[in-house]
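*Asks:* This is the content of model.pdb (PDB, C-alpha atoms and all ligand atoms):
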```
ATOM      1  CA  MET A 789      52.089 -28.706   9.089
ATOM      2  CA  ASN A 790      51.661 -30.936   6.016
ATOM      3  CA  TYR A 791      49.036 -32.967   7.830
ATOM      4  CA  LEU A 792      47.206 -29.810   8.846
ATOM      5  CA  VAL A 793      47.009 -28.677   5.195
ATOM      6  CA  GLY A 794      45.835 -32.127   4.100
ATOM      7  CA  ILE A 795      43.209 -32.457   6.839
ATOM      8  CA  THR A 796      41.923 -28.934   6.198
ATOM      9  CA  GLY A 797      41.681 -29.740   2.467
ATOM     10  CA  MET A 798      39.630 -32.853   3.259
ATOM     11  CA  CYS A 799      37.378 -30.873   5.621
ATOM     12  CA  LEU A 800      36.806 -28.338   2.846
ATOM     13  CA  ILE A 801      35.833 -31.084   0.405
ATOM     14  CA  ILE A 802      33.362 -32.549   2.925
ATOM     15  CA  LEU A 803      31.961 -29.072   3.653
ATOM     16  CA  GLY A 804      31.608 -28.404  -0.085
ATOM     17  CA  TRP A 805      29.861 -31.733  -0.497
ATOM     18  CA  ILE A 806      27.411 -30.899   2.316
ATOM     19  CA  PHE A 807      26.818 -27.506   0.693
ATOM     20  CA  SER A 808      26.020 -29.105  -2.632
ATOM     21  CA  ILE A 809      23.570 -31.591  -1.083
ATOM     22  CA  GLU A 810      21.722 -29.120   1.115
ATOM     23  CA  ASP A 811      21.844 -26.276  -1.414
ATOM     24  CA  ILE A 812      22.534 -23.906   1.457
ATOM     25  CA  PRO A 813      25.623 -21.745   0.993
ATOM     26  CA  PRO A 814      24.789 -18.083   0.614
ATOM     27  CA  LEU A 815      26.940 -16.214  -1.900
ATOM     28  CA  LYS A 816      29.252 -14.538   0.641
ATOM     29  CA  LEU A 817      29.976 -17.842   2.413
ATOM     30  CA  SER A 818      30.671 -19.560  -0.922
ATOM     31  CA  ILE A 819      33.161 -16.857  -1.907
ATOM     32  CA  LEU A 820      34.883 -17.042   1.481
ATOM     33  CA  TYR A 821      35.074 -20.829   1.235
ATOM     34  CA  SER A 822      36.445 -20.543  -2.278
ATOM     35  CA  ILE A 823      39.222 -18.117  -1.259
ATOM     36  CA  GLY A 824      40.159 -20.390   1.686
ATOM     37  CA  SER A 825      40.394 -23.465  -0.565
ATOM     38  CA  PHE A 826      42.454 -21.596  -3.145
ATOM     39  CA  LEU A 827      44.952 -20.323  -0.544
ATOM     40  CA  LEU A 828      45.340 -23.819   0.890
ATOM     41  CA  ALA A 829      45.853 -25.270  -2.590
ATOM     42  CA  THR A 830      48.578 -22.667  -3.222
ATOM     43  CA  TYR A 831      50.220 -23.559   0.077
ATOM     44  CA  ALA A 832      50.045 -27.280  -0.750
ATOM     45  CA  TYR A 833      51.715 -26.497  -4.077
ATOM     46  CA  LEU A 834      54.553 -24.682  -2.277
ATOM     47  CA  LEU A 835      54.981 -27.703   0.011
ATOM     48  CA  ASN A 836      55.335 -29.764  -3.161
ATOM     49  CA  ASP A 837      53.208 -32.597  -1.815
ATOM     50  CA  VAL A 838      51.155 -34.291  -4.559
ATOM     51  CA  LEU A 839      48.523 -35.845  -2.248
ATOM     52  CA  PHE A 840      47.780 -32.665  -0.322
ATOM     53  CA  LEU A 841      47.895 -30.620  -3.507
ATOM     54  CA  SER A 842      45.277 -32.928  -5.105
ATOM     55  CA  LEU A 843      43.046 -32.737  -2.036
ATOM     56  CA  ASN A 844      43.149 -28.959  -1.933
ATOM     57  CA  ASN A 845      42.710 -28.677  -5.687
ATOM     58  CA  MET A 846      39.564 -30.767  -5.391
ATOM     59  CA  ALA A 847      38.337 -28.484  -2.591
ATOM     60  CA  THR A 848      39.013 -25.466  -4.804
ATOM     61  CA  ILE A 849      37.030 -26.952  -7.693
ATOM     62  CA  VAL A 850      34.109 -27.832  -5.396
ATOM     63  CA  SER A 851      34.194 -24.326  -3.945
ATOM     64  CA  PHE A 852      34.104 -22.654  -7.385
ATOM     65  CA  VAL A 853      31.150 -24.809  -8.402
ATOM     66  CA  ASN A 854      29.369 -23.667  -5.213
ATOM     67  CA  VAL A 855      30.085 -20.007  -5.994
ATOM     68  CA  ILE A 856      28.574 -20.413  -9.473
ATOM     69  CA  ARG A 857      25.516 -22.169  -8.012
ATOM     70  CA  ALA A 858      25.092 -19.469  -5.354
ATOM     71  CA  LEU A 859      25.397 -16.757  -8.017
ATOM     72  CA  LYS A 860      22.835 -18.484 -10.228
ATOM     73  CA  ARG A 861      20.486 -18.878  -7.264
ATOM     74  CA  THR A 862      20.858 -15.253  -6.193
ATOM     75  CA  TYR A 863      20.089 -14.087  -9.722
ATOM     76  CA  LYS A 864      17.170 -16.473 -10.081
ATOM     77  CA  HIS A 865      15.610 -15.402  -6.753
ATOM     78  CA  SER A 866      15.811 -11.748  -7.548
ATOM     79  CA  THR A 867      14.089 -12.165 -10.893
ATOM     80  CA  SER A 868      11.896 -15.085 -11.687
ATOM     81  CA  MET A 869      11.219 -17.364  -8.733
ATOM     82  CA  SER A 870       7.571 -17.902  -7.934
ATOM     83  CA  TRP A 871       6.318 -17.802  -4.356
ATOM     84  CA  GLU A 872       5.857 -21.548  -4.436
ATOM     85  CA  ASP A 873       9.570 -21.906  -5.301
ATOM     86  CA  LEU A 874      10.635 -19.462  -2.611
ATOM     87  CA  PHE A 875       8.504 -21.262  -0.048
ATOM     88  CA  ALA A 876       9.978 -24.601  -1.142
ATOM     89  CA  LEU A 877      13.475 -23.178  -0.733
ATOM     90  CA  GLN A 878      12.801 -22.120   2.878
ATOM     91  CA  TYR A 879      10.906 -25.333   3.520
ATOM     92  CA  ASN A 880      13.855 -27.467   2.396
ATOM     93  CA  ARG A 881      16.161 -25.664   4.801
ATOM     94  CA  VAL A 882      14.164 -26.419   7.919
ATOM     95  CA  SER A 883      13.253 -29.590   9.722
ATOM     96  CA  GLY A 884      11.258 -30.901  12.685
ATOM     97  CA  VAL A 885       8.703 -28.624  14.302
ATOM     98  CA  GLU A 886       9.412 -25.720  11.959
ATOM     99  CA  ARG A 887       8.684 -27.880   8.918
ATOM    100  CA  GLU A 888       5.456 -29.191  10.477
ATOM    101  CA  VAL A 889       4.384 -25.627  11.226
ATOM    102  CA  MET A 890       5.192 -24.497   7.663
ATOM    103  CA  ASN A 891       3.019 -27.322   6.317
ATOM    104  CA  PHE A 892       0.195 -26.236   8.604
ATOM    105  CA  VAL A 893       0.499 -22.570   7.611
ATOM    106  CA  LYS A 894       0.591 -23.411   3.908
ATOM    107  CA  GLU A 895      -2.619 -25.397   4.196
ATOM    108  CA  HIS A 896      -4.326 -22.971   6.592
ATOM    109  CA  LEU A 897      -3.659 -19.760   4.663
ATOM    110  CA  LYS A 898      -4.067 -21.095   1.125
ATOM    111  CA  ASP A 899      -7.154 -18.947   0.471
ATOM    112  CA  SER A 900      -5.835 -15.723   2.044
ATOM    113  CA  VAL A 901      -4.575 -13.100  -0.387
ATOM    114  CA  THR A 902      -3.065 -10.083   1.365
ATOM    115  CA  HIS A 903      -2.382 -11.920   4.631
ATOM    116  CA  GLY A 904      -1.590 -15.316   3.151
ATOM    117  CA  LEU A 905       1.516 -17.419   2.769
ATOM    118  CA  GLU A 906       3.468 -14.793   0.802
ATOM    119  CA  HIS A 907       2.962 -12.214   3.546
ATOM    120  CA  THR A 908       3.795 -14.774   6.240
ATOM    121  CA  MET A 909       7.046 -15.791   4.574
ATOM    122  CA  ARG A 910       8.097 -12.163   4.085
ATOM    123  CA  VAL A 911       7.384 -11.430   7.760
ATOM    124  CA  TYR A 912       9.332 -14.575   8.683
ATOM    125  CA  ASN A 913      12.319 -13.422   6.598
ATOM    126  CA  LEU A 914      12.156  -9.835   7.844
ATOM    127  CA  SER A 915      12.029 -11.142  11.439
ATOM    128  CA  LEU A 916      15.173 -13.204  10.814
ATOM    129  CA  ARG A 917      16.892 -10.182   9.251
ATOM    130  CA  ILE A 918      16.165  -7.990  12.291
ATOM    131  CA  ALA A 919      17.110 -10.776  14.729
ATOM    132  CA  ARG A 920      20.455 -11.313  12.940
ATOM    133  CA  GLU A 921      21.324  -7.668  13.502
ATOM    134  CA  TYR A 922      20.584  -8.052  17.229
ATOM    135  CA  PHE A 923      22.787 -11.146  17.383
ATOM    136  CA  HIS A 924      25.649  -9.106  15.916
ATOM    137  CA  ARG A 925      25.121  -6.618  18.708
ATOM    138  CA  GLY A 926      25.273  -9.389  21.309
ATOM    139  CA  ILE A 927      21.553  -9.241  22.136
ATOM    140  CA  ASP A 928      19.987 -12.644  22.610
ATOM    141  CA  VAL A 929      16.908 -13.502  20.556
ATOM    142  CA  ASP A 930      15.134 -16.845  20.929
ATOM    143  CA  MET A 931      15.077 -17.928  17.288
ATOM    144  CA  LEU A 932      12.694 -20.845  17.777
ATOM    145  CA  VAL A 933      10.128 -18.601  19.478
ATOM    146  CA  LEU A 934      10.549 -15.895  16.824
ATOM    147  CA  LYS A 935      10.307 -18.269  13.854
ATOM    148  CA  LEU A 936       7.221 -20.070  15.160
ATOM    149  CA  ALA A 937       5.524 -16.785  16.088
ATOM    150  CA  ALA A 938       6.259 -15.293  12.655
ATOM    151  CA  LEU A 939       4.923 -18.379  10.862
ATOM    152  CA  LEU A 940       1.734 -18.533  12.922
ATOM    153  CA  HIS A 941       1.009 -14.841  13.536
ATOM    154  CA  ASP A 942      -1.857 -14.586  11.017
ATOM    155  CA  VAL A 943      -3.281 -18.129  11.002
ATOM    156  CA  GLY A 944      -6.345 -16.852  12.858
ATOM    157  CA  ARG A 945      -7.241 -14.366  10.079
ATOM    158  CA  PRO A 946      -9.513 -16.736   8.128
ATOM    159  CA  LEU A 947     -11.558 -17.275  11.350
ATOM    160  CA  GLU A 948     -11.872 -13.575  12.229
ATOM    161  CA  LYS A 949     -15.116 -12.871  10.362
ATOM    162  CA  GLU A 950     -16.819 -16.030  11.465
ATOM    163  CA  LEU A 951     -15.890 -15.765  15.167
ATOM    164  CA  GLY A 952     -15.849 -11.966  15.509
ATOM    165  CA  GLU A 953     -12.657 -11.906  17.567
ATOM    166  CA  HIS A 954      -9.389 -10.109  16.836
ATOM    167  CA  HIS A 955      -7.223 -12.291  14.582
ATOM    168  CA  ALA A 956      -4.181 -11.919  16.875
ATOM    169  CA  LEU A 957      -6.068 -13.662  19.692
ATOM    170  CA  LEU A 958      -7.407 -16.322  17.330
ATOM    171  CA  SER A 959      -3.943 -16.934  15.865
ATOM    172  CA  ALA A 960      -2.551 -17.409  19.384
ATOM    173  CA  GLU A 961      -5.300 -19.944  20.149
ATOM    174  CA  VAL A 962      -4.603 -21.884  16.949
ATOM    175  CA  ALA A 963      -0.843 -21.732  17.647
ATOM    176  CA  LYS A 964      -1.267 -22.982  21.205
ATOM    177  CA  LYS A 965      -3.282 -25.990  20.044
ATOM    178  CA  LEU A 966      -0.901 -26.838  17.217
ATOM    179  CA  LEU A 967       2.304 -26.453  19.229
ATOM    180  CA  SER A 968       0.884 -28.521  22.104
ATOM    181  CA  GLU A 969       0.092 -31.282  19.626
ATOM    182  CA  LEU A 970       3.693 -31.037  18.412
ATOM    183  CA  ASN A 971       4.842 -31.540  22.032
ATOM    184  CA  LEU A 972       6.640 -28.243  22.458
ATOM    185  CA  GLU A 973       7.546 -27.107  25.960
ATOM    186  CA  ASN A 974       4.877 -25.008  27.682
ATOM    187  CA  GLU A 975       7.302 -22.145  28.200
ATOM    188  CA  VAL A 976       8.075 -21.943  24.469
ATOM    189  CA  ILE A 977       4.364 -22.124  23.574
ATOM    190  CA  GLU A 978       3.598 -19.316  26.005
ATOM    191  CA  ARG A 979       6.311 -17.074  24.569
ATOM    192  CA  VAL A 980       5.191 -17.756  20.998
ATOM    193  CA  CYS A 981       1.580 -16.949  21.914
ATOM    194  CA  ASN A 982       2.583 -13.757  23.744
ATOM    195  CA  ALA A 983       4.411 -12.559  20.638
ATOM    196  CA  ILE A 984       1.457 -13.411  18.384
ATOM    197  CA  VAL A 985      -1.137 -11.717  20.620
ATOM    198  CA  SER A 986       0.776  -8.435  20.583
ATOM    199  CA  HIS A 987       1.892  -8.364  16.917
ATOM    200  CA  SER A 988      -0.972  -6.170  15.730
ATOM    201  CA  PHE A 989      -1.297  -2.661  17.132
ATOM    202  CA  SER A 990      -5.074  -2.822  16.696
ATOM    203  CA  SER A 991      -5.226  -5.578  19.327
ATOM    204  CA  GLY A 992      -4.219  -2.923  21.882
ATOM    205  CA  ILE A 993      -1.680  -5.267  23.521
ATOM    206  CA  GLN A 994       1.891  -3.969  23.716
ATOM    207  CA  PRO A 995       4.735  -6.355  22.812
ATOM    208  CA  ILE A 996       7.101  -6.905  25.730
ATOM    209  CA  SER A 997       9.705  -9.500  24.746
ATOM    210  CA  ILE A 998      12.343  -8.807  22.071
ATOM    211  CA  GLU A 999      10.793 -11.567  19.919
ATOM    212  CA  ALA A1000       7.350  -9.925  20.160
ATOM    213  CA  LYS A1001       8.797  -6.518  19.253
ATOM    214  CA  ILE A1002      10.661  -7.937  16.237
ATOM    215  CA  LEU A1003       7.558  -9.753  14.972
ATOM    216  CA  SER A1004       5.368  -6.666  15.344
ATOM    217  CA  ASP A1005       7.929  -4.549  13.476
ATOM    218  CA  ALA A1006       8.408  -7.114  10.686
ATOM    219  CA  ASP A1007       4.639  -7.246  10.217
ATOM    220  CA  LYS A1008       4.450  -3.444   9.968
ATOM    221  CA  LEU A1009       7.395  -3.305   7.543
ATOM    222  CA  ASP A1010       5.487  -5.584   5.177
ATOM    223  CA  ALA A1011       2.717  -2.979   5.021
ATOM    224  CA  MET A1012       5.218  -0.320   3.892
ATOM    225  CA  GLY A1013       7.154   0.510   0.723
ATOM    226  CA  ALA A1014       6.449  -1.010  -2.692
ATOM    227  CA  ILE A1015       5.101  -4.183  -1.087
ATOM    228  CA  GLY A1016       2.833  -2.168   1.211
ATOM    229  CA  ILE A1017       1.474  -0.255  -1.782
ATOM    230  CA  SER A1018       0.901  -3.504  -3.702
ATOM    231  CA  ARG A1019      -0.925  -5.063  -0.768
ATOM    232  CA  CYS A1020      -3.000  -1.953  -0.220
ATOM    233  CA  PHE A1021      -4.307  -2.055  -3.776
ATOM    234  CA  MET A1022      -4.701  -5.846  -3.790
ATOM    235  CA  LEU A1023      -7.025  -5.367  -0.825
ATOM    236  CA  ALA A1024      -8.741  -2.483  -2.616
ATOM    237  CA  GLY A1025      -9.533  -4.883  -5.477
ATOM    238  CA  ILE A1026     -11.029  -7.445  -3.115
ATOM    239  CA  THR A1027     -13.086  -4.969  -1.069
ATOM    240  CA  LYS A1028     -13.978  -2.783  -4.096
ATOM    241  CA  ARG A1029     -12.331   0.244  -2.442
ATOM    242  CA  SER A1030     -11.701   3.236  -4.701
ATOM    243  CA  ILE A1031      -8.283   4.822  -5.328
ATOM    244  CA  ALA A1032      -9.315   7.873  -3.275
ATOM    245  CA  GLU A1033     -10.332   5.675  -0.344
ATOM    246  CA  SER A1034      -7.044   3.793  -0.607
ATOM    247  CA  VAL A1035      -5.141   7.098  -0.449
ATOM    248  CA  LYS A1036      -6.984   7.805   2.797
ATOM    249  CA  HIS A1037      -5.757   4.462   4.140
ATOM    250  CA  PHE A1038      -2.167   5.649   3.588
ATOM    251  CA  TYR A1039      -2.723   8.685   5.797
ATOM    252  CA  GLU A1040      -4.752   6.834   8.413
ATOM    253  CA  LYS A1041      -2.379   3.897   8.779
ATOM    254  CA  LEU A1042       0.515   3.217   6.428
ATOM    255  CA  LEU A1043       2.325   6.558   6.777
ATOM    256  CA  LYS A1044       2.154   6.291  10.576
ATOM    257  CA  LEU A1045       3.942   2.935  10.745
ATOM    258  CA  LYS A1046       7.487   4.348  10.565
ATOM    259  CA  ASP A1047       7.077   6.028  13.943
ATOM    260  CA  MET A1048       5.463   3.006  15.516
ATOM    261  CA  MET A1049       8.490   0.697  15.293
ATOM    262  CA  PHE A1050       9.714  -0.855  18.546
ATOM    263  CA  THR A1051      13.227  -1.725  17.356
ATOM    264  CA  ASP A1052      15.802   0.644  15.906
ATOM    265  CA  VAL A1053      16.800  -1.981  13.298
ATOM    266  CA  ALA A1054      13.261  -1.982  11.872
ATOM    267  CA  ARG A1055      13.157   1.822  12.056
ATOM    268  CA  GLU A1056      16.187   1.941   9.746
ATOM    269  CA  ILE A1057      14.559  -0.441   7.255
ATOM    270  CA  ALA A1058      11.339   1.576   7.467
ATOM    271  CA  VAL A1059      12.829   4.923   6.391
ATOM    272  CA  PRO A1060      13.320   4.207   2.640
ATOM    273  CA  ARG A1061      10.009   2.347   2.532
ATOM    274  CA  HIS A1062       8.250   5.348   4.062
ATOM    275  CA  GLU A1063       9.924   7.772   1.671
ATOM    276  CA  PHE A1064       8.927   5.612  -1.300
ATOM    277  CA  MET A1065       5.273   5.693  -0.219
ATOM    278  CA  GLU A1066       5.442   9.485   0.052
ATOM    279  CA  ARG A1067       6.890   9.735  -3.468
ATOM    280  CA  PHE A1068       4.220   7.355  -4.764
ATOM    281  CA  LEU A1069       1.415   9.414  -3.217
ATOM    282  CA  GLU A1070       2.839  12.608  -4.664
ATOM    283  CA  GLN A1071       2.830  11.101  -8.162
ATOM    284  CA  LEU A1072      -0.615   9.549  -7.658
ATOM    285  CA  LYS A1073      -2.108  12.876  -6.600
ATOM    286  CA  LYS A1074      -0.449  14.601  -9.553
ATOM    287  CA  GLU A1075      -1.894  12.078 -12.003
ATOM    288  CA  LEU A1076      -5.324  12.213 -10.371
ATOM    289  CA  SER A1077      -5.402  16.007 -10.652
ATOM    290  CA  GLU A1078      -4.370  15.734 -14.322
ATOM    291  CA  SER A1079      -7.257  13.326 -14.933
ATOM    292  CA  VAL A1080      -9.972  15.863 -14.048
ATOM    293  CA  MET A1081     -12.425  16.176 -16.952
ATOM    294  CA  TYR A1082     -12.450  19.386 -18.902
ATOM    295  CA  GLY A1083     -15.670  20.456 -20.654
ATOM    296  CA  ASP A1084     -16.006  22.909 -23.539
TER
HETATM  297 FE    FE B1101      -1.765  -9.791  11.744
HETATM  298 FE    FE B1102       0.662 -10.121   9.368
END
```
Hey, can you dump this file as structure tokens for me?
Ligand SMILES: [Fe+2]
Ligand SMILES: [Fe+2]

*Replies:*
Amino acid sequence: MNYLVGITGMCLIILGWIFSIEDIPPLKLSILYSIGSFLLATYAYLLNDVLFLSLNNMATIVSFVNVIRALKRTYKHSTSMSWEDLFALQYNRVSGVEREVMNFVKEHLKDSVTHGLEHTMRVYNLSLRIAREYFHRGIDVDMLVLKLAALLHDVGRPLEKELGEHHALLSAEVAKKLLSELNLENEVIERVCNAIVSHSFSSGIQPISIEAKILSDADKLDAMGAIGISRCFMLAGITKRSIAESVKHFYEKLLKLKDMMFTDVAREIAVPRHEFMERFLEQLKKELSESVMYGD
């Protein structure tokens, strides 16, 4: 039993060391790790074994440091991190093909505003969030296919005007070329491209696989809520669209998205976002009606 406590303590120290190098532990995992180390240290104390007690004490200290770092990171992300920092954080967590693809996307979408890197990374994160929920339910999602499809789903946008084709088809073409160059299996490339082609409802192609459905829903979610409103008016600034015309866009597209979700997980996320847009429109209309000029 003593050996078990000692070995576990050492494993915890190594794990804590890996955490501190990779900067990866999320807050919940850090807290769990910290509680585990503390309990083991207490047990080692009861066994009255100096070596094992020292090992587990070290693990406890490492774990507390990780909790503080995770807390600091959580706070920092929610307040002041720029998009470059957030991208760098994701970028540092991935390797291999995913990293190559992120580099490509960063370079390819650097001039896009509403469908650029920020949008891509939010869709990527939303896709992972939905997929995680399906994993918990025991439904298999191919994470490599989903991640690559989410990263590449809008890379064809910058070519849309020039080539006059739907950006979903162009993105799939760009993705196919890139992923072939990166020596991915044909089957994976095909599944990524199928998800990309069907991500946009305006392409008229229905998503079939679970990965395609998740990507399409994540993309729609990013057009809803406070972010959807922000993007709508960012686009209005670029295209010189008036406030009244932007309001029309809500009724023609954004308010319909909630009922167009393919997955029930996304539908749940969509509800508060939809309600927020409704509240925003109510206030906007009220303020617009108050701004009518009154003459003498
Ligand atoms: Fe798109
Ligand atoms: Fe998109």

*Asks:* Would you please work out which residue, of A:Ser822, A:Ser990, A:Thr796, A:Ser842, is nearest to ligand FE 1101 (chain B) when using all atoms listed in the file?

*Replies:* A:Ser990

*Asks:* To verify the selection step, state as an mmCIF file with C-alpha atoms, keeping the file's coordinate frame which residues the PyMOL selection byres (((not hetatm)) within 8 of (chain B and resi 1101)) yields on this input.

*Replies:*
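out35.cif was written with the following content:
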```
data_model
loop_
_atom_site.group_PDB
_atom_site.id
_atom_site.type_symbol
_atom_site.label_atom_id
_atom_site.label_comp_id
_atom_site.auth_asym_id
_atom_site.auth_seq_id
_atom_site.Cartn_x
_atom_site.Cartn_y
_atom_site.Cartn_z
ATOM 1 C CA HIS A 903 -2.382 -11.920 4.631
ATOM 2 C CA HIS A 941 1.009 -14.841 13.536
ATOM 3 C CA ASP A 942 -1.857 -14.586 11.017
ATOM 4 C CA ARG A 945 -7.241 -14.366 10.079
ATOM 5 C CA HIS A 955 -7.223 -12.291 14.582
ATOM 6 C CA ALA A 956 -4.181 -11.919 16.875
ATOM 7 C CA HIS A 987 1.892 -8.364 16.917
ATOM 8 C CA SER A 988 -0.972 -6.170 15.730
ATOM 9 C CA ASP A 1007 4.639 -7.246 10.217
#
```

*Asks:* Could you please extract the residues within 10 Å of ligand FE 1102 (chain B), counting all atoms listed in the file, and hand them back as number ranges by chain?

*Replies:* A: 902-905, 907-912, 938-943, 945, 955-956, 984, 987-988, 1003-1004, 1006-1011

*Asks:* So what do you get for atom CA of A:Asp1005 versus atom CA of A:Arg1055, distance-wise?

*Replies:* 8.4 Å

*Asks:* Quick one, how far is atom CA of A:Ala1014 from atom CA of A:Ala1058?

*Replies:* 11.6 Å

*Asks:* Quick one: distance from atom CA of A:Leu934 to atom CA of A:Glu886 in Å, one decimal?

*Replies:*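 We find that atom CA of A:Leu934 and atom CA of A:Glu886 lie 11.0 Å from each other.
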
*Asks:* What's the 12 Å shell around A:Ser968, counting all atoms listed in the file, without same-chain residues fewer than 4 positions away, as a list in words?

*Replies:*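 Contacts, in chain order: Val885, Val889, Ala960, Glu961, Val962, Ala963, Lys964, Leu972, Glu973, Asn974, Glu975, Val976, Ile977, Glu978, Val980 and Cys981 of chain A.
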
*Asks:* For A:Ala829, which residue out of A:Lys1044, A:Thr848, A:Val853, A:Ala1032 is the nearest one, using only C-alpha atoms?

*Replies:* A:Thr848

*Asks:* For each of A:Ile998, A:Leu967, A:Ala983, A:Leu1023, take the minimum atom-to-atom distance to A:Asp928, counting all atoms listed in the file, then give the residue where this is smallest.

*Replies:*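 Going through A:Ile998, A:Leu967, A:Ala983, A:Leu1023 one by one, the smallest distance to A:Asp928 is for A:Ile998.
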
*Asks:* For A:Ser900, which residue among A:Ile1026, A:Ala937, A:Leu1069, A:Leu859 is the nearest when counting all atoms listed in the file?

*Replies:*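 The shortest atom-to-atom distance to A:Ser900 comes from A:Ile1026.
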
*Asks:* Could you list, as JSON, numbers by chain, every residue within 10 Å of A:Ser825, counting all atoms listed in the file and ignoring same-chain residues fewer than 6 positions away?

*Replies:* {"A": [796, 797, 800, 801, 819, 831, 843, 844, 845, 846, 847, 848, 849, 850, 851, 852]}

*Asks:* Within 9 Å of A:Phe892, counting only C-alpha atoms, which residues show up once you throw out same-chain ones fewer than 4 positions away? Write them as a PyMOL selection string, please.

*Replies:* chain A and resi 887-888+896-897+940+966

*Asks:* Please return, as a VMD selection string, all polymer residues that have at least one atom within 7 Å of the point (6.0, -29.5, 1.4); use only C-alpha atoms and the file's own coordinate frame.

*Replies:* chain A and resid 876 879 891
